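> Below is a structure I'd like to ask you about.
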Amino acid sequence: MIIDRAIYRDGRRTPVTGDLADALRGVRDADEGFLWVGLADPTQDEVAWVASRFALHPLAAEDAQQPHQRPKMEEYSDVLVTVVRPLSYDREQAVVTSSEVVVFVGDAFVVAVRHGDTGVLAGVRSRLQEAEGLARHGPVTVLYAICDAVVDDYLDIAANLQVDLEELQGQVFSSARGDDARLSETIYSFKRQVLEIRRATGPLTGPMARLSDSDVPFVPPDSRAYFRSVAGHLARADGVAENLDGLLSDILTAHLTQVGVQQNDDMRKISAWAAMAAVPTLIAGVYGMNFDHMPELHQIWGYPAALGLMAVVVLGLYVLFKRRHWL
């Protein structure tokens, strides 16, 4: 559905209540300002209706109808289409969730289509109203503000994840780790969250480089400096995500190594106790065969001698294993 429609002129926002085609025609005739239309989880009919009002290319309109796309930028004769993936991080659940925003930039209009739950567009609208003069740079201002807000969120999420990973690293190297299987599951869960960040940051690097250095339609040369700033922040966010991925791999390797060492230690303890249990079992088994001609079988001290032999051998094995740190 359409959640917002307004004309931005001279840094001021004027809501639009009439037909979008008429509003766009008025902006073009005045040769100043731009029309911004925002949609949230639109249906196919709603996208088709908006596309007809702005004469969007069919392939461009198709991008707005297909959510879950990779970040990208496409150039058409009448519109510039950019797809970005805003992220949010729930620290209690340790889950990174993604949404999608498709931005259409034309000569005098911007259409922003949101798929999923994100507050990026609302924040950008507030920013354009509060920052006097920012909207005077034209429709590309909205694209810059959206990309800037999204990339800043990447940095914040990466910083929060880094703090949580430091806590996880402390748990891995703690003497009281708890359930190893659950800890491994937690590490793999963090790997998935970092991968979600990299899916958003990596593909967006190319579009930001083009917007900051190349001749892109509807992007005036004096706007490239703003996108260079966004590209720099994006490169830093992508680098942090890559480092977090490497850190998680090291944490997982260390955890699996500790699990292997712990299992070897457990096997040594089991083997030591099994060896001590085998000695009295062997002696009792030999003297339990009930043969007549066996040493000390008919001696009065035979029974305590057998028990004493068991005790001495088991005690000797216990001392030996203890010195070798098997017990």
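Each chain in the structure tokens gets a letter, A, B, ..., in the order shown, and its residues are numbered from 1; ligands are numbered from 1 in order too.
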So which bits of stretch 161-230 of chain A end up alpha helix (DSSP H) when you DSSP the backbone, as a PyMOL selection string?

chain A and resi 161-172+180-201+205-213+224-230

> List as a PyMOL selection string the protein and nucleic acid residues near stretch 199-206 of chain A, meaning an atom at most 9 Å away when only C-alpha atoms are counted, but skip any in the same chain fewer than 5 places from it.

chain A and resi 70-73+83-87+98+151+154+194+211+231+234-235+237-238+241

> Find the residues of stretch 60-115 of chain A that sit at most 7 Å from stretch 32-55 of chain A; for each, write down the nearest two atoms and how far apart they are in Å, to one decimal. Count only C-alpha atoms. Sort by chain, then by number going up, and give it as a tab-separated table.


```
residue	atom	partner	partner_atom	distance
A:Ala61	CA	A:Ala51	CA	6.2
A:Gln65	CA	A:Gln44	CA	6.2
A:Ala108	CA	A:Phe34	CA	4.6
A:Phe109	CA	A:Leu35	CA	4.5
A:Val110	CA	A:Trp36	CA	4.7
A:Val111	CA	A:Val37	CA	4.8
A:Ala112	CA	A:Gly38	CA	4.8
A:Val113	CA	A:Leu39	CA	4.7
A:Arg114	CA	A:Ala40	CA	4.7
A:His115	CA	A:Asp41	CA	4.9
```

> So that I can see what lies close to A:Asp78, please list as an NGL selection string the residues with an atom at most 8 Å from it, counting only C-alpha atoms and leaving out residues fewer than 3 positions away in the same chain.

:A and (56-57 or 106-107)

> Nearest to A:Ala272: which of A:Val140, A:Ile157, A:Leu320, A:Val150 is it, counting only C-alpha atoms?

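Closest to A:Ala272 of all the choices is A:Leu320.
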
> Can you pull out every residue from stretch 102-311 of chain A that DSSP, working from the backbone, puts in strand (DSSP E), and format the result as a list in words?

Val102, Val103, Phe104, Val105, Phe109, Val110, Val111, Ala112, Val113, Arg114 and His115 of chain A
